[in-house]
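Peer 1: start_32.txt is the file, holding compact mmCIF, C-alpha atoms and all ligand atoms:
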# COMPACT_ATOMS: atom_id res chain seq x y z
CA MET A 1 68.77 88.23 157.29
CA ARG A 2 72.54 87.89 156.82
CA LYS A 3 72.24 84.09 156.64
CA LEU A 4 69.49 84.43 154.04
CA LEU A 5 71.65 86.78 151.96
CA LEU A 6 74.65 84.45 152.16
CA ALA A 7 72.44 81.51 151.19
CA ALA A 8 71.08 83.42 148.21
CA LEU A 9 74.56 84.46 147.11
CA SER A 10 75.87 80.91 147.39
CA VAL A 11 72.98 79.59 145.29
CA LEU A 12 73.74 82.25 142.70
CA ALA A 13 77.45 81.43 142.74
CA PHE A 14 77.12 77.63 142.84
CA GLY A 15 74.07 77.79 140.61
CA GLY A 16 76.23 79.55 138.00
CA ALA A 17 79.05 77.06 138.46
CA ALA A 18 76.56 74.19 138.31
CA SER A 19 75.06 75.54 135.07
CA ALA A 20 78.56 75.80 133.60
CA GLN A 21 79.44 72.34 134.90
CA ASN A 22 76.58 70.54 133.18
CA PHE A 23 76.54 72.75 130.10
CA PRO A 24 74.91 72.08 127.74
CA SER A 25 71.84 70.37 129.08
CA ARG A 26 69.39 71.51 126.37
CA PRO A 27 69.46 72.65 122.72
CA ILE A 28 71.69 75.57 121.71
CA THR A 29 70.59 78.20 119.17
CA ILE A 30 72.91 80.01 116.77
CA ILE A 31 71.20 83.20 115.56
CA VAL A 32 72.13 83.80 111.93
CA PRO A 33 71.13 87.40 111.14
CA PHE A 34 70.54 86.77 107.43
CA SER A 35 68.18 84.63 105.33
CA ALA A 36 68.52 80.88 104.98
CA GLY A 37 70.61 79.80 102.00
CA GLY A 38 73.05 82.72 102.10
CA PRO A 39 76.78 82.47 102.90
CA SER A 40 76.34 83.09 106.64
CA ASP A 41 73.57 80.54 106.92
CA VAL A 42 75.44 77.89 104.93
CA MET A 43 78.60 78.22 107.03
CA ALA A 44 76.66 78.25 110.31
CA ARG A 45 74.73 75.09 109.41
CA ILE A 46 77.89 73.19 108.45
CA LEU A 47 79.50 74.12 111.78
CA ALA A 48 76.36 73.56 113.88
CA GLU A 49 75.98 70.03 112.54
CA ARG A 50 79.51 69.10 113.64
CA MET A 51 79.37 71.01 116.97
CA LYS A 52 76.34 68.92 117.94
CA ALA A 53 78.56 65.82 118.02
CA THR A 54 80.98 67.45 120.44
CA LEU A 55 78.43 69.16 122.68
CA GLY A 56 75.99 66.27 122.80
CA GLU A 57 73.03 68.58 122.35
CA VAL A 58 71.14 69.89 119.32
CA VAL A 59 72.72 73.04 117.86
CA GLN A 60 69.95 74.71 115.84
CA ILE A 61 69.99 77.71 113.53
CA GLU A 62 67.50 80.54 113.87
CA ASN A 63 67.45 83.08 111.01
CA VAL A 64 66.57 86.48 112.48
CA THR A 65 66.87 88.91 109.56
CA GLY A 66 66.63 92.61 108.83
CA ALA A 67 68.65 95.85 108.95
CA ALA A 68 71.85 94.22 107.64
CA GLY A 69 71.87 91.68 110.44
CA SER A 70 71.64 94.20 113.28
CA ILE A 71 68.23 92.90 114.38
CA GLY A 72 69.49 89.34 114.76
CA VAL A 73 72.60 90.46 116.61
CA GLY A 74 70.42 92.53 118.96
CA ARG A 75 68.30 89.47 119.70
CA ALA A 76 71.45 87.55 120.66
CA VAL A 77 72.84 90.43 122.74
CA ARG A 78 69.62 90.56 124.77
CA SER A 79 69.41 86.79 125.34
CA PRO A 80 70.38 85.27 128.72
CA PRO A 81 74.22 84.96 129.10
CA ASP A 82 74.02 81.18 129.58
CA GLY A 83 75.65 79.87 126.41
CA TYR A 84 72.39 78.67 124.87
CA THR A 85 72.19 81.58 122.39
CA ILE A 86 75.12 82.28 120.07
CA SER A 87 75.49 85.24 117.71
CA PHE A 88 76.84 84.40 114.24
CA GLY A 89 78.23 87.46 112.49
CA HIS A 90 81.00 88.99 110.49
CA LEU A 91 82.77 92.14 109.33
CA GLY A 92 79.42 93.68 108.42
CA THR A 93 77.36 92.86 111.49
CA HIS A 94 80.08 93.04 114.16
CA VAL A 95 82.10 95.96 112.75
CA ALA A 96 80.37 98.01 109.99
CA ASN A 97 76.95 98.20 111.62
CA GLY A 98 78.51 99.99 114.58
CA ALA A 99 79.60 102.78 112.20
CA ILE A 100 76.34 103.01 110.30
CA TYR A 101 73.47 102.49 112.77
CA ASN A 102 73.42 105.27 115.38
CA LYS A 103 70.72 103.52 117.36
CA LEU A 104 71.96 99.93 117.41
CA GLY A 105 70.88 99.67 121.05
CA TYR A 106 74.00 97.68 121.92
CA ASP A 107 77.77 98.01 121.83
CA LEU A 108 79.46 95.53 119.47
CA VAL A 109 82.44 95.13 121.80
CA THR A 110 81.23 95.61 125.37
CA ASP A 111 77.88 93.79 125.02
CA LEU A 112 79.33 90.60 123.52
CA GLU A 113 81.95 87.99 124.45
CA PRO A 114 84.04 86.68 121.52
CA VAL A 115 84.01 82.90 121.08
CA VAL A 116 85.91 82.05 117.88
CA LEU A 117 87.09 83.60 114.59
CA LEU A 118 85.59 81.61 111.69
CA PRO A 119 86.85 81.13 108.11
CA SER A 120 87.01 84.09 105.74
CA ASN A 121 85.85 84.67 102.20
CA THR A 122 87.32 86.67 99.43
CA MET A 123 84.69 88.83 97.71
CA ILE A 124 83.93 88.35 94.02
CA VAL A 125 82.43 90.76 91.48
CA VAL A 126 79.58 88.91 89.75
CA SER A 127 76.89 89.95 87.25
CA LYS A 128 73.82 88.53 85.58
CA ASN A 129 74.58 86.61 82.36
CA ALA A 130 72.90 89.26 80.20
CA VAL A 131 75.70 91.77 80.91
CA PRO A 132 77.76 91.94 77.66
CA ALA A 133 81.16 91.82 79.41
CA LYS A 134 83.76 89.06 79.35
CA SER A 135 86.28 90.68 81.70
CA LEU A 136 86.40 93.10 84.60
CA GLY A 137 87.65 95.81 82.23
CA GLU A 138 84.66 95.28 79.94
CA LEU A 139 82.31 95.26 82.95
CA LEU A 140 83.70 98.59 84.17
CA ALA A 141 83.30 100.06 80.67
CA TRP A 142 79.72 98.78 80.52
CA LEU A 143 78.96 100.25 83.95
CA LYS A 144 80.46 103.63 83.00
CA ALA A 145 78.48 103.75 79.74
CA ARG A 146 75.13 103.09 81.42
CA PRO A 147 72.73 106.04 81.80
CA GLU A 148 71.80 104.94 85.35
CA PRO A 149 73.71 103.07 88.10
CA ALA A 150 73.63 99.28 88.03
CA ALA A 151 71.16 97.56 90.38
CA THR A 152 73.46 95.88 92.91
CA GLY A 153 72.16 93.32 95.39
CA THR A 154 73.18 93.55 99.06
CA ALA A 155 72.04 92.15 102.39
CA GLY A 156 71.18 95.66 103.59
CA ALA A 157 73.03 98.87 104.49
CA GLY A 158 76.09 97.82 106.49
CA SER A 159 76.14 94.21 105.32
CA GLY A 160 79.33 92.68 104.01
CA SER A 161 78.04 92.83 100.44
CA HIS A 162 77.16 96.50 100.93
CA ILE A 163 80.59 97.38 102.39
CA ALA A 164 82.15 95.58 99.43
CA GLY A 165 79.95 97.64 97.08
CA LEU A 166 81.06 100.87 98.77
CA TYR A 167 84.67 99.77 98.39
CA PHE A 168 84.05 98.98 94.70
CA GLU A 169 82.59 102.49 94.21
CA ASN A 170 85.61 103.96 95.99
CA VAL A 171 88.22 102.26 93.81
CA THR A 172 86.36 102.57 90.48
CA GLY A 173 84.56 105.90 90.85
CA ILE A 174 81.44 104.13 89.53
CA LYS A 175 78.16 104.76 91.38
CA LEU A 176 75.96 101.73 92.20
CA GLN A 177 72.27 101.55 93.01
CA TYR A 178 71.88 99.21 95.99
CA VAL A 179 68.99 96.77 96.21
CA PRO A 180 68.72 95.46 99.79
CA TYR A 181 67.61 91.90 100.59
CA ARG A 182 67.39 89.97 103.87
CA GLY A 183 70.50 88.10 102.76
CA THR A 184 72.55 87.44 99.63
CA GLY A 185 70.82 84.09 99.25
CA PRO A 186 67.66 85.81 97.94
CA ALA A 187 69.82 88.42 96.15
CA MET A 188 71.54 85.59 94.26
CA ASN A 189 68.16 84.19 93.16
CA ASP A 190 67.35 87.56 91.59
CA LEU A 191 70.79 87.83 89.97
CA VAL A 192 70.40 84.40 88.35
CA ALA A 193 66.93 85.48 87.19
CA GLY A 194 68.39 88.69 85.72
CA GLN A 195 66.29 90.91 88.03
CA ILE A 196 69.37 92.78 89.27
CA ASP A 197 72.66 93.52 87.48
CA MET A 198 75.41 92.58 89.93
CA ILE A 199 76.60 91.77 93.45
CA VAL A 200 79.98 92.21 95.10
CA ASP A 201 79.47 88.94 96.88
CA GLN A 202 81.17 86.50 99.22
CA LEU A 203 82.84 83.88 97.02
CA SER A 204 81.15 81.04 98.93
CA ASN A 205 77.76 82.40 97.87
CA SER A 206 78.60 82.82 94.19
CA ILE A 207 81.05 80.01 93.49
CA ASN A 208 78.54 77.31 92.55
CA GLN A 209 76.54 79.67 90.31
CA VAL A 210 79.74 80.79 88.55
CA ARG A 211 80.78 77.16 88.09
CA ALA A 212 77.30 76.38 86.68
CA GLY A 213 77.50 79.35 84.29
CA THR A 214 74.25 80.89 85.60
CA ILE A 215 76.08 84.14 86.50
CA ARG A 216 79.35 85.76 85.42
CA GLY A 217 82.37 86.02 87.75
CA TYR A 218 84.95 88.72 86.95
CA ALA A 219 87.49 89.11 89.75
CA VAL A 220 88.16 88.27 93.37
CA THR A 221 89.26 90.85 95.93
CA ASP A 222 91.98 88.82 97.66
CA THR A 223 95.65 89.33 96.89
CA LYS A 224 95.77 85.81 95.41
CA ARG A 225 93.38 83.66 93.39
CA SER A 226 91.12 81.24 95.25
CA GLU A 227 92.18 77.60 94.76
CA SER A 228 88.48 76.76 94.44
CA ALA A 229 88.02 79.28 91.62
CA ALA A 230 91.50 79.38 90.09
CA ASP A 231 90.24 80.64 86.72
CA ILE A 232 88.93 83.88 88.27
CA PRO A 233 91.66 86.58 88.31
CA THR A 234 92.30 88.86 91.24
CA ALA A 235 91.10 92.45 90.79
CA GLU A 236 94.76 93.43 90.65
CA GLU A 237 95.45 91.01 87.76
CA ALA A 238 92.29 92.29 86.03
CA GLY A 239 93.62 95.86 86.16
CA LEU A 240 91.77 97.21 89.21
CA ARG A 241 94.35 98.21 91.79
CA GLY A 242 93.75 98.60 95.52
CA PHE A 243 90.56 96.50 95.82
CA HIS A 244 91.55 94.15 98.65
CA MET A 245 88.88 92.79 100.94
CA THR A 246 88.17 89.50 102.65
CA LEU A 247 85.10 88.98 104.80
CA TRP A 248 85.72 87.06 108.02
CA SER A 249 83.00 85.60 110.26
CA GLY A 250 82.82 84.75 113.94
CA LEU A 251 80.77 83.53 116.88
CA TRP A 252 79.93 85.60 119.97
CA VAL A 253 77.81 85.15 123.11
CA PRO A 254 76.19 87.78 125.34
CA LYS A 255 78.42 89.64 127.79
CA GLY A 256 78.49 87.90 131.15
CA THR A 257 78.42 84.35 129.78
CA PRO A 258 80.56 82.25 132.22
CA LYS A 259 84.12 81.78 130.96
CA GLU A 260 83.87 77.98 131.30
CA ILE A 261 80.93 78.05 128.89
CA VAL A 262 82.79 80.28 126.40
CA THR A 263 85.69 77.82 126.60
CA ARG A 264 83.36 74.87 125.99
CA LEU A 265 81.76 76.53 122.95
CA ASN A 266 85.16 77.57 121.59
CA ALA A 267 86.45 73.99 121.93
CA ALA A 268 83.42 72.60 120.07
CA ALA A 269 83.81 75.15 117.25
CA VAL A 270 87.56 74.49 116.96
CA GLU A 271 86.92 70.74 116.86
CA ALA A 272 84.46 71.35 114.01
CA LEU A 273 86.95 73.56 112.16
CA ASN A 274 89.62 70.86 112.52
CA ASP A 275 87.33 68.11 111.25
CA PRO A 276 88.60 67.03 107.76
CA ALA A 277 85.05 66.64 106.36
CA VAL A 278 84.07 70.14 107.55
CA ARG A 279 87.30 71.61 106.19
CA LYS A 280 86.64 69.99 102.80
CA GLN A 281 83.08 71.40 102.67
CA LEU A 282 84.20 74.91 103.60
CA GLU A 283 87.31 74.97 101.39
CA ASN A 284 85.26 73.73 98.44
CA LEU A 285 83.14 76.86 98.90
CA GLY A 286 86.31 78.93 98.60
CA LEU A 287 86.55 79.68 102.31
CA GLN A 288 89.98 80.17 103.89
CA MET A 289 90.32 78.41 107.23
CA THR A 290 91.19 80.42 110.34
CA PRO A 291 94.93 80.35 111.10
CA LYS A 292 95.59 78.01 114.06
CA ASP A 293 97.00 80.84 116.19
CA LYS A 294 93.80 82.86 115.80
CA LEU A 295 91.32 80.32 117.17
CA THR A 296 91.12 81.57 120.78
CA PRO A 297 88.29 83.85 122.02
CA GLU A 298 90.91 86.51 122.78
CA ALA A 299 92.15 86.39 119.17
CA LEU A 300 88.64 87.17 117.87
CA GLY A 301 88.30 90.00 120.40
CA GLU A 302 91.59 91.58 119.30
CA TRP A 303 90.76 91.03 115.60
CA GLN A 304 87.33 92.67 115.90
CA LYS A 305 88.79 95.74 117.64
CA ALA A 306 91.51 96.07 114.97
CA GLU A 307 88.91 95.78 112.18
CA ILE A 308 86.76 98.47 113.82
CA ALA A 309 89.80 100.80 113.85
CA LYS A 310 90.49 99.94 110.19
CA TRP A 311 86.99 100.16 108.66
CA TRP A 312 85.06 102.74 110.67
CA PRO A 313 86.84 105.80 109.15
CA MET A 314 86.04 104.67 105.56
CA ILE A 315 82.47 103.68 106.38
CA LYS A 316 81.78 106.92 108.27
CA ALA A 317 83.32 108.92 105.40
CA ALA A 318 80.89 107.19 103.02
CA ASN A 319 78.15 108.79 105.10
CA VAL A 320 75.80 105.86 104.56
CA LYS A 321 72.20 106.82 105.29
CA VAL A 322 70.06 104.04 106.71
CA ASP A 323 66.30 104.47 106.40
C1 LIG A 401 76.22 89.93 103.85
O1 LIG A 401 76.69 90.62 104.73
O2 LIG A 401 76.23 90.20 102.64
C2 LIG A 401 75.61 88.67 104.34
O3 LIG A 401 76.61 87.86 104.86
C3 LIG A 401 74.82 87.96 103.35
C4 LIG A 401 74.32 86.66 103.88
O4 LIG A 401 75.02 85.98 104.66
O5 LIG A 401 73.19 86.33 103.49
Is it possible to give me this structure as structure tokens?
Ligand code: MLT

Peer 2:
Amino acid sequence: MRKLLLAALSVLAFGGAASAQNFPSRPITIIVPFSAGGPSDVMARILAERMKATLGEVVQIENVTGAAGSIGVGRAVRSPPDGYTISFGHLGTHVANGAIYNKLGYDLVTDLEPVVLLPSNTMIVVSKNAVPAKSLGELLAWLKARPEPAATGTAGAGSGSHIAGLYFENVTGIKLQYVPYRGTGPAMNDLVAGQIDMIVDQLSNSINQVRAGTIRGYAVTDTKRSESAADIPTAEEAGLRGFHMTLWSGLWVPKGTPKEIVTRLNAAAVEALNDPAVRKQLENLGLQMTPKDKLTPEALGEWQKAEIAKWWPMIKAANVKVD
């Protein structure tokens, strides 16, 4: 019996080491918890394409949407810890959702292993073209004069666009009426069509529509203008003080994924982030690349914990009700 147990344990141990040694030996899936075409999906696809070259295996995207990304994250959390399923997420999915959804069914810190901190986005206040405002000040006046709150697109309660909307309400005192979508890709389609009034959106999702003149951009929420949208003032410059928010993204794998596999995935992501063609694509979307000293798995783990400490009090105070 003892021999059998030892044999089983050694298979488990060496089996694990063997799986890490020849990882990857089949396609890898990145679960993006929002609709195709949105800012998360676009960034994930750019990275996946380049990571394929390093890993030598297909890196495919699976969009698993709903409940502000918490369904897709749950799918990744419950997948085998073998490196073949990666969770793409951000401030909304891997911080805010923990403060909003009481029954997430998983712990955002203890049920996931951090892999790498990805580029961040300033947020931008955008509206449909029919809004008669040419500046943030005029937009705020228009919003205040309306009989009912403006229809504001989000990717669901707890999403980055929703947190940004809550922040906007906080600093302006203006109530918004949220319209949830499965991602801000579809929300943007409705904004361009004039079906909703505004979004407090990730710049990467709005920048091309603003450039094309199909929506109006008023202000960005970073402390400095984006080089890719230099004509858009900061909220501070536009007269709205204290509205500072950037939305960072990241990659995680299920808890228990072998460290060698986490290291391998981190190396492939870092190689993609250092690739000049990838950098050009992401920076042209207004994304700010991750600082070099924040590219380790540990750096993402520390960052996520600090962001939870920073955002949970405000989000809990907003008493967001999720249906
Ligand atoms: C959000 O949190 O607003 C999402 O990132 C939107 C998206 O990626 O579709």

Peer 1: For atom CA of A:Asp275 and atom CA of A:Val116, quote the distance in Å rounded to one decimal.

Peer 2: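 Between these atoms lies a distance of 15.5 Å.
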
Peer 1: Would you kindly return, as an MDAnalysis selection string, each protein, DNA or RNA residue with an atom no farther than 9 Å from any atom of A:Trp248, considering all atoms listed in the file and excluding same-chain residues fewer than 4 positions away?

Peer 2: chainID A and resid 89:91 117:122 290

Peer 1: How would the residues just picked look written out with C-alpha atoms as a short mmCIF file (atom, residue, chain, number, x, y, z; two decimals), in the frame of the given file?

Peer 2:
data_model
loop_
_atom_site.label_atom_id
_atom_site.label_comp_id
_atom_site.auth_asym_id
_atom_site.auth_seq_id
_atom_site.Cartn_x
_atom_site.Cartn_y
_atom_site.Cartn_z
CA GLY A 89 78.23 87.46 112.49
CA HIS A 90 81.00 88.99 110.49
CA LEU A 91 82.77 92.14 109.33
CA LEU A 117 87.09 83.60 114.59
CA LEU A 118 85.59 81.61 111.69
CA PRO A 119 86.85 81.13 108.11
CA SER A 120 87.01 84.09 105.74
CA ASN A 121 85.85 84.67 102.20
CA THR A 122 87.32 86.67 99.43
CA THR A 290 91.19 80.42 110.34
#

Peer 1: Just to confirm, what's the straight-line distance from atom CA of A:Val320 to atom CA of A:Lys305 in Å (one decimal)?

Peer 2: 21.0 Å

Peer 1: With distances taken over all atoms listed in the file, which residue among A:Ile71, A:Ala317, A:Ala141, A:Met188 lies nearest ligand LIG 401 (chain A)?

Peer 2: A:Met188

Peer 1: Nearest residue to ligand LIG 401 (chain A) out of A:Ile86, A:Ala96, A:Val253, A:Met51, using all atoms listed in the file?

Peer 2: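 Using all atoms listed in the file, the shortest distance to ligand LIG 401 (chain A) belongs to A:Ala96.
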
Peer 1: Taking all atoms listed in the file into account, which residues have an atom no farther than 9 Å from ligand LIG 401 (chain A)? I'd like them as a PyMOL selection string.

Peer 2: chain A and resi 32-43+68-69+89-93+153-156+158-164+181-187+200-202+205+247+249

Peer 1: Of the candidates A:Arg241, A:Lys294, A:Lys175, A:Lys280, which shows the shortest atom-to-atom distance to A:Asn266, using all atoms listed in the file?

Peer 2: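 Going through A:Arg241, A:Lys294, A:Lys175, A:Lys280 one by one, the smallest distance to A:Asn266 is for A:Lys294.
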
Peer 1: What does the distance between atom CA of A:Asn63 and atom CA of A:Tyr84 come to in Å, to one decimal place?

Peer 2: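 Atom CA of A:Tyr84 lies at a distance of 15.4 Å from atom CA of A:Asn63.
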
Peer 1: Would you mind listing what lies within 9 Å of A:Ser127 as an MDAnalysis selection string, with all atoms listed in the file counted and same-chain residues fewer than 3 positions away left out?

Peer 2: chainID A and resid 130:131 139 152 191:192 194 196:200 215:218

Peer 1: Please produce a file of those selected residues containing C-alpha atoms, as an mmCIF file, keeping the file's coordinate frame.

Peer 2:
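Output below, filename again-v7.cif:
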data_model
loop_
_atom_site.group_PDB
_atom_site.id
_atom_site.type_symbol
_atom_site.label_atom_id
_atom_site.label_comp_id
_atom_site.auth_asym_id
_atom_site.auth_seq_id
_atom_site.Cartn_x
_atom_site.Cartn_y
_atom_site.Cartn_z
ATOM 1 C CA ALA A 130 72.900 89.260 80.200
ATOM 2 C CA VAL A 131 75.700 91.770 80.910
ATOM 3 C CA LEU A 139 82.310 95.260 82.950
ATOM 4 C CA THR A 152 73.460 95.880 92.910
ATOM 5 C CA LEU A 191 70.790 87.830 89.970
ATOM 6 C CA VAL A 192 70.400 84.400 88.350
ATOM 7 C CA GLY A 194 68.390 88.690 85.720
ATOM 8 C CA ILE A 196 69.370 92.780 89.270
ATOM 9 C CA ASP A 197 72.660 93.520 87.480
ATOM 10 C CA MET A 198 75.410 92.580 89.930
ATOM 11 C CA ILE A 199 76.600 91.770 93.450
ATOM 12 C CA VAL A 200 79.980 92.210 95.100
ATOM 13 C CA ILE A 215 76.080 84.140 86.500
ATOM 14 C CA ARG A 216 79.350 85.760 85.420
ATOM 15 C CA GLY A 217 82.370 86.020 87.750
ATOM 16 C CA TYR A 218 84.950 88.720 86.950
#

Peer 1: Counting only C-alpha atoms, I want the residues whose atoms come within 8 Å of (68.1, 99.3, 86.6) in the file frame, returned as a count of residues only.

Peer 2: 7

Peer 1: I'd like the contact shell of A:Leu136 - 12 Å cut-off, all atoms listed in the file, skipping same-chain residues fewer than 3 positions apart - returned as a ChimeraX atom specification.

Peer 2: /A:124-127,131-133,139-143,168,172,216-221,232-241

Peer 1: With 12 Å as the threshold, what does the neighbourhood of (83.2, 63.8, 119.5) contain in terms of residues, counting all atoms listed in the file? Coordinates are those of the file; answer as a list in words.

Peer 2: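 Every residue inside that radius is included here: Glu49, Arg50, Met51, Lys52, Ala53, Thr54, Leu55, Gly56, Glu57, Ala267, Ala268, Ala269, Val270, Glu271, Ala272, Asn274 and Asp275 of chain A.
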
Peer 1: Go ahead and save the residues from that selection, with C-alpha atoms, as a compact mmCIF listing (two decimals), in the coordinates of the input.

Peer 2:
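Saved as selection_24.txt:
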# COMPACT_ATOMS: atom_id res chain seq x y z
CA GLU A 49 75.98 70.03 112.54
CA ARG A 50 79.51 69.10 113.64
CA MET A 51 79.37 71.01 116.97
CA LYS A 52 76.34 68.92 117.94
CA ALA A 53 78.56 65.82 118.02
CA THR A 54 80.98 67.45 120.44
CA LEU A 55 78.43 69.16 122.68
CA GLY A 56 75.99 66.27 122.80
CA GLU A 57 73.03 68.58 122.35
CA ALA A 267 86.45 73.99 121.93
CA ALA A 268 83.42 72.60 120.07
CA ALA A 269 83.81 75.15 117.25
CA VAL A 270 87.56 74.49 116.96
CA GLU A 271 86.92 70.74 116.86
CA ALA A 272 84.46 71.35 114.01
CA ASN A 274 89.62 70.86 112.52
CA ASP A 275 87.33 68.11 111.25

Peer 1: Box in all listed atoms of stretch 168-174 of chain A, axis-aligned, with 8 Å more on each side; write out centre and edge lengths in Å to one decimal as AutoDock Vina command-line options.

Peer 2:
--center_x 84.8 --center_y 102.4 --center_z 92.8 --size_x 22.8 --size_y 22.9 --size_z 22.5
